[in-house]
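Structure file work20.txt (compact mmCIF, C-alpha atoms) follows.
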# COMPACT_ATOMS: atom_id res chain seq x y z
CA PRO S 1 -48.26 33.73 -16.44
CA ALA S 2 -46.36 32.73 -13.37
CA PRO S 3 -42.57 32.18 -13.69
CA VAL S 4 -41.51 28.55 -13.93
CA ILE S 5 -38.05 27.17 -13.09
CA THR S 6 -37.48 23.81 -14.79
CA GLY S 7 -33.89 23.36 -13.69
CA PHE S 8 -30.98 24.91 -11.86
CA SER S 9 -27.88 22.74 -11.92
CA VAL S 10 -24.14 22.82 -11.30
CA THR S 11 -21.68 20.76 -13.36
CA LYS S 12 -19.32 20.10 -10.45
CA PRO S 13 -20.83 20.51 -6.97
CA VAL S 14 -17.38 20.04 -5.36
CA ILE S 15 -14.38 21.95 -6.69
CA THR S 16 -10.78 22.51 -5.68
CA THR S 17 -9.69 25.95 -4.46
CA GLY S 18 -8.74 28.12 -7.42
CA THR S 19 -10.85 26.22 -9.97
CA SER S 20 -14.25 26.87 -11.53
CA THR S 21 -17.60 25.23 -12.24
CA THR S 22 -20.69 26.24 -14.19
CA LEU S 23 -24.29 26.94 -13.28
CA THR S 24 -27.12 26.46 -15.75
CA ALA S 25 -30.63 27.83 -15.16
CA SER S 26 -33.67 26.78 -17.14
CA PHE S 27 -36.83 28.87 -16.75
CA THR S 28 -39.74 30.53 -18.53
CA ASN S 29 -42.07 33.47 -18.02
CA GLY S 30 -39.66 35.82 -16.34
CA THR S 31 -36.21 37.33 -15.89
CA GLY S 32 -33.58 35.23 -14.15
CA VAL S 33 -31.06 36.54 -11.64
CA ILE S 34 -28.48 34.62 -9.59
CA ASN S 35 -27.11 36.06 -6.36
CA SER S 36 -23.49 36.28 -5.18
CA GLY S 37 -22.63 38.91 -7.76
CA ILE S 38 -23.59 36.89 -10.83
CA GLY S 39 -26.63 38.92 -11.86
CA ASN S 40 -28.87 38.37 -14.84
CA VAL S 41 -28.73 35.02 -16.63
CA VAL S 42 -30.24 33.65 -19.81
CA THR S 43 -32.16 30.40 -19.67
CA GLY S 44 -30.09 27.44 -20.83
CA VAL S 45 -26.83 29.43 -21.01
CA PRO S 46 -24.15 28.26 -18.53
CA VAL S 47 -22.32 30.79 -16.37
CA THR S 48 -18.88 30.15 -14.87
CA VAL S 49 -18.35 30.67 -11.14
CA SER S 50 -15.18 30.44 -9.05
CA PRO S 51 -16.17 30.54 -5.39
CA THR S 52 -13.42 30.62 -2.77
CA ALA S 53 -15.59 29.06 -0.05
CA ASP S 54 -18.72 26.89 0.16
CA THR S 55 -21.47 28.88 -1.54
CA THR S 56 -25.22 28.48 -2.02
CA TYR S 57 -26.47 30.09 -5.23
CA THR S 58 -30.11 31.13 -5.51
CA LEU S 59 -31.87 31.64 -8.82
CA THR S 60 -34.73 34.11 -8.74
CA VAL S 61 -37.07 34.34 -11.73
CA THR S 62 -39.49 37.28 -11.68
CA ASN S 63 -42.28 38.04 -14.17
CA SER S 64 -43.60 41.45 -15.19
CA ALA S 65 -46.15 41.39 -12.38
CA GLY S 66 -43.46 40.97 -9.75
CA VAL S 67 -44.24 37.33 -9.02
CA ALA S 68 -41.06 35.38 -8.29
CA ALA S 69 -39.95 31.74 -8.27
CA TYR S 70 -36.83 30.47 -6.56
CA SER S 71 -34.38 27.59 -6.74
CA SER S 72 -31.01 26.99 -5.08
CA THR S 73 -27.92 24.88 -5.61
CA SER S 74 -24.65 24.68 -3.70
CA VAL S 75 -20.94 24.42 -4.48
CA SER S 76 -18.42 23.09 -1.95
CA VAL S 77 -14.78 24.19 -2.13
CA VAL S 78 -12.04 21.86 -0.90
CA PRO S 79 -8.29 22.48 -0.63
CA SER S 80 -5.79 21.07 -3.08
CA PRO S 81 -4.32 17.76 -1.91
CA SER S 82 -0.78 17.83 -0.55
CA THR S 83 1.98 15.77 -2.10
CA PRO S 84 2.19 12.66 0.11
CA VAL S 85 5.37 12.31 2.18
CA ILE S 86 6.16 8.60 2.40
CA THR S 87 7.59 7.07 5.57
CA ALA S 88 9.21 3.72 4.80
CA PRO S 89 12.10 1.52 5.97
CA ALA S 90 15.59 2.83 5.24
CA SER S 91 16.42 -0.52 3.62
CA VAL S 92 14.78 -3.89 3.07
CA ILE S 93 15.92 -7.50 2.76
CA PHE S 94 15.60 -9.19 -0.63
CA ASN S 95 12.32 -11.10 -1.19
CA GLN S 96 11.14 -10.40 2.36
CA ALA S 97 7.44 -9.68 2.95
CA GLY S 98 5.55 -7.66 5.55
CA TYR S 99 7.15 -4.23 5.13
CA THR S 100 4.90 -1.17 5.54
CA ALA S 101 4.96 2.37 4.16
CA THR S 102 2.66 5.20 5.24
CA VAL S 103 1.68 8.75 4.33
CA PRO S 104 -0.16 11.27 6.52
CA SER S 105 -3.94 11.15 6.14
CA GLN S 106 -5.68 14.08 4.44
CA PRO S 107 -9.35 15.04 4.99
CA ASN S 108 -11.64 13.14 2.62
CA ALA S 109 -8.73 12.16 0.37
CA THR S 110 -8.14 8.84 -1.33
CA PHE S 111 -4.73 7.41 -2.12
CA ALA S 112 -3.24 5.43 -5.00
CA TRP S 113 0.11 3.65 -4.64
CA THR S 114 2.54 2.31 -7.22
CA ILE S 115 5.62 0.12 -6.75
CA GLN S 116 8.63 -0.98 -8.75
CA GLY S 117 11.07 -3.59 -7.53
CA GLY S 118 8.53 -5.29 -5.29
CA ALA S 119 4.84 -6.04 -4.85
CA ILE S 120 2.10 -4.33 -2.83
CA THR S 121 0.15 -6.93 -0.86
CA SER S 122 -2.47 -4.73 0.85
CA GLY S 123 -3.66 -1.15 1.33
CA VAL S 124 -3.17 0.14 -2.21
CA ALA S 125 -6.05 2.65 -1.80
CA SER S 126 -5.31 3.68 1.81
CA ASN S 127 -2.65 5.79 3.49
CA GLN S 128 -0.69 2.65 4.48
CA VAL S 129 0.51 -0.19 2.30
CA THR S 130 2.15 -3.51 3.02
CA PHE S 131 4.70 -4.67 0.47
CA THR S 132 7.21 -7.36 -0.39
CA ALA S 133 10.72 -6.47 -1.53
CA GLY S 134 12.07 -7.74 -4.83
CA PRO S 135 15.21 -9.84 -5.35
CA SER S 136 17.72 -7.01 -5.85
CA GLY S 137 18.23 -3.34 -6.65
CA THR S 138 15.74 -0.94 -5.10
CA VAL S 139 12.07 -0.71 -4.18
CA GLN S 140 10.52 2.46 -5.62
CA LEU S 141 7.22 3.51 -4.04
CA GLY S 142 4.93 6.26 -5.30
CA CYS S 143 1.74 7.70 -3.81
CA VAL S 144 -0.85 10.16 -5.16
CA ALA S 145 -3.59 11.76 -3.03
CA THR S 146 -6.90 12.79 -4.64
CA ASN S 147 -9.37 15.14 -2.96
CA LEU S 148 -13.19 15.06 -3.08
CA ALA S 149 -13.19 17.17 -6.23
CA GLY S 150 -11.10 14.58 -8.04
CA THR S 151 -7.96 16.71 -8.15
CA PRO S 152 -4.77 14.63 -7.82
CA SER S 153 -1.63 15.71 -6.01
CA SER S 154 1.89 15.45 -7.30
CA THR S 155 3.39 12.02 -6.76
CA GLY S 156 5.30 11.44 -3.53
CA THR S 157 8.15 9.00 -4.01
CA VAL S 158 10.75 7.09 -2.02
CA VAL S 159 13.55 4.78 -3.14
CA ILE S 160 14.56 1.98 -0.76
CA PRO S 161 17.74 -0.06 -1.29
CA ILE S 162 17.36 -3.84 -1.21
CA GLN S 163 19.98 -5.59 0.90
CA VAL S 164 21.25 -8.82 -0.68
CA PRO S 165 23.47 -11.20 1.37
CA PRO S 166 27.08 -11.47 0.22
CA VAL S 167 28.09 -14.46 -1.90
CA ILE S 168 31.38 -16.40 -1.62
CA ASN S 169 32.05 -17.37 -5.22
CA SER S 170 35.26 -19.25 -4.44
CA PHE S 171 37.65 -19.93 -1.55
CA THR S 172 40.76 -21.99 -2.15
CA GLY S 173 44.07 -22.70 -0.47
CA THR S 174 47.11 -24.95 -0.60
CA PRO S 175 45.63 -28.19 0.72
CA VAL S 176 48.88 -29.78 1.97
CA ILE S 177 52.07 -28.03 3.04
CA THR S 178 55.33 -29.05 4.67
CA LEU S 179 55.69 -28.05 8.27
CA GLY S 180 57.24 -24.62 8.47
CA ASN S 181 56.16 -23.56 5.00
CA GLY S 182 53.45 -21.09 4.15
CA ALA S 183 50.18 -21.55 2.31
CA ALA S 184 48.23 -19.25 0.06
CA LEU S 185 44.53 -18.60 0.52
CA SER S 186 42.54 -16.89 -2.22
CA TRP S 187 38.90 -16.00 -2.66
CA ALA S 188 36.33 -14.23 -4.75
CA VAL S 189 33.25 -12.69 -3.18
CA SER S 190 30.43 -10.36 -4.24
CA GLY S 191 28.14 -8.07 -2.27
CA ALA S 192 30.37 -7.92 0.81
CA ALA S 193 31.13 -4.73 2.73
CA THR S 194 33.76 -6.37 4.96
CA LEU S 195 35.79 -9.58 4.88
CA SER S 196 37.49 -11.49 7.67
CA LEU S 197 39.17 -14.86 8.21
CA ASP S 198 39.10 -16.95 11.35
CA GLN S 199 42.10 -18.65 13.00
CA SER S 200 43.07 -15.24 14.42
CA ILE S 201 43.80 -13.82 10.95
CA GLY S 202 41.15 -11.13 11.19
CA ASP S 203 40.13 -8.44 8.71
CA VAL S 204 41.02 -8.95 5.03
CA THR S 205 38.62 -6.39 3.53
CA GLY S 206 39.81 -5.30 0.12
CA LEU S 207 42.06 -8.33 -0.38
CA THR S 208 41.61 -11.35 -2.61
CA SER S 209 44.40 -13.51 -1.18
CA LYS S 210 46.43 -14.05 1.97
CA SER S 211 49.55 -15.99 2.91
CA VAL S 212 49.28 -17.98 6.12
CA SER S 213 51.59 -20.21 8.11
CA PRO S 214 49.54 -22.77 10.02

Output the file's structure in the form of structure tokens.
Amino acid sequence: PAPVITGFSVTKPVITTGTSTTLTASFTNGTGVINSGIGNVVTGVPVTVSPTADTTYTLTVTNSAGVAAYSSTSVSVVPSPSTPVITAPASVIFNQAGYTATVPSQPNATFAWTIQGGAITSGVASNQVTFTAGPSGTVQLGCVATNLAGTPSSTGTVVIPIQVPPVINSFTGTPVITLGNGAALSWAVSGAATLSLDQSIGDVTGLTSKSVSP
């Protein structure tokens, strides 16, 4: 009888460089051979292949009379995805919206973003997201690239400090003084990098009080 091929399949038609997939041939009435160095195969028994480039495999089934049947299947090989390098603002303002972060595009890759200390408002599956900063602390962004074979990259991350405006908790002084006498000013602030007083007093960074003579 003539050889019959009832199936020739591959479990993963797209693989990442350095990984494997399996081929399974189903046939009757002959001896099966797969090219590309695989050789003889048994019907229904998977064989593991690890191509380093796109490869078309051909199954040849030949009976005792030399009559052959053929079937082919292909495996594509794609590179591993690179860890995304995130470009984002050096700092952000608390609760402010409209900030963007980007990563370089990669051929046929998809992206997945995560955020802590804020909220992503658009682009979570693309190479650019728009986000809103949280009320304080830092915004922590993460991005993973996945290639056509479904292999994920390591997570690219960036930590962005959130700038919060300084707060004057108190500011007091002697409300009434006798001419020629001094007065004491005192204050308590938080979140300030520098402090200054008007009326030509100037910088008072690091101080919590000051004597003045108006």

Surrounding residues of Ile86 (chain S) excluding itself and chain neighbours under 3 positions, 9 Å, all atoms listed in the file, as number ranges by chain: S: 101-104, 141-143, 156-158

Contacts of region 120-155 of chain S with region 54-78 of chain S up to 8 Å, shortest pair per row, only C-alpha atoms, as a tab-separated table:
residue	atom	partner	partner_atom	distance
S:Asn147	CA	S:Val78	CA	7.5
S:Leu148	CA	S:Val78	CA	7.2
S:Ala149	CA	S:Val78	CA	7.2

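Residues in contact with region 87-97 of chain S at 7 Å, where all atoms listed in the file are counted and same-chain residues fewer than 5 positions away are skipped, are listed as Thr102, Val103, Phe131, Thr132, Ala133, Gly134, Pro135, Ser136, Ile160, Pro161, Ile162, Gln163 and Val164 of chain S.
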
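Note that CA of Ala193 (chain S) and CA of Gln140 (chain S) are 23.4 Å apart.
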
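One finds CA of Asn35 (chain S) at 23.5 Å from CA of Pro1 (chain S).
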
Figure out the distance between CA of Ser153 (chain S) and CA of Thr21 (chain S), please, to one decimal in Å. 19.6 Å

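Distance annotation: of S:Val47, S:Thr110, S:Val212, S:Thr146, the residue with the minimal separation from Asp198 (chain S) is S:Val212; atom set is all atoms listed in the file.
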
Protein/DNA/RNA residues near (-18.4, 26.2, -10.9), cut 9 Å, all atoms listed in the file, as a list in words: Val10, Thr11, Lys12, Pro13, Val14, Ile15, Thr19, Ser20, Thr21, Thr22, Leu23, Val47, Thr48, Val49, Ser50, Pro51 and Val75 of chain S

Export, as a compact mmCIF listing (two decimals), in the frame of the given file, the selected residues with C-alpha atoms.
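Output (selection14.txt):
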# COMPACT_ATOMS: atom_id res chain seq x y z
CA VAL S 10 -24.14 22.82 -11.30
CA THR S 11 -21.68 20.76 -13.36
CA LYS S 12 -19.32 20.10 -10.45
CA PRO S 13 -20.83 20.51 -6.97
CA VAL S 14 -17.38 20.04 -5.36
CA ILE S 15 -14.38 21.95 -6.69
CA THR S 19 -10.85 26.22 -9.97
CA SER S 20 -14.25 26.87 -11.53
CA THR S 21 -17.60 25.23 -12.24
CA THR S 22 -20.69 26.24 -14.19
CA LEU S 23 -24.29 26.94 -13.28
CA VAL S 47 -22.32 30.79 -16.37
CA THR S 48 -18.88 30.15 -14.87
CA VAL S 49 -18.35 30.67 -11.14
CA SER S 50 -15.18 30.44 -9.05
CA PRO S 51 -16.17 30.54 -5.39
CA VAL S 75 -20.94 24.42 -4.48

Kindly provide, as a PyMOL selection string, the polymer residues lying within 10 Å of (-1.3, -1.9, 4.3), counting all atoms listed in the file and using the coordinates exactly as they appear in the file. chain S and resi 98-102+120-131

Nearest to Pro214 (chain S) by atom-to-atom distance, counting all atoms listed in the file, from S:Gly202, S:Gly44, S:Gly191, S:Gly182: S:Gly182

Contacts of Val139 (chain S) within 6 Å, all atoms listed in the file, excl. fewer than 2 positions in-chain, as a PyMOL selection string: chain S and resi 116-118+159-160

Residues from the last selection, C-alpha atoms, saved as a PDB file, in the coordinates of the input:
ATOM      1  CA  GLN S 116       8.630  -0.980  -8.750  1.00  0.00           C
ATOM      2  CA  GLY S 117      11.070  -3.590  -7.530  1.00  0.00           C
ATOM      3  CA  GLY S 118       8.530  -5.290  -5.290  1.00  0.00           C
ATOM      4  CA  VAL S 159      13.550   4.780  -3.140  1.00  0.00           C
ATOM      5  CA  ILE S 160      14.560   1.980  -0.760  1.00  0.00           C
TER       6      ILE S 160
END

With 8 Å on each side, where is the centre of the axis-aligned box around all listed atoms of region 177-196 of chain S, and how long are its edges in Å to one decimal, as JSON?
{"center_x": 42.7, "center_y": -16.9, "center_z": 1.9, "size_x": 45.1, "size_y": 40.3, "size_z": 29.2}

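Taking all atoms listed in the file into account, Thr205 (chain S) lies nearest to S:Ser190 out of the set S:Thr114, S:Thr31, S:Thr178, S:Ser190.
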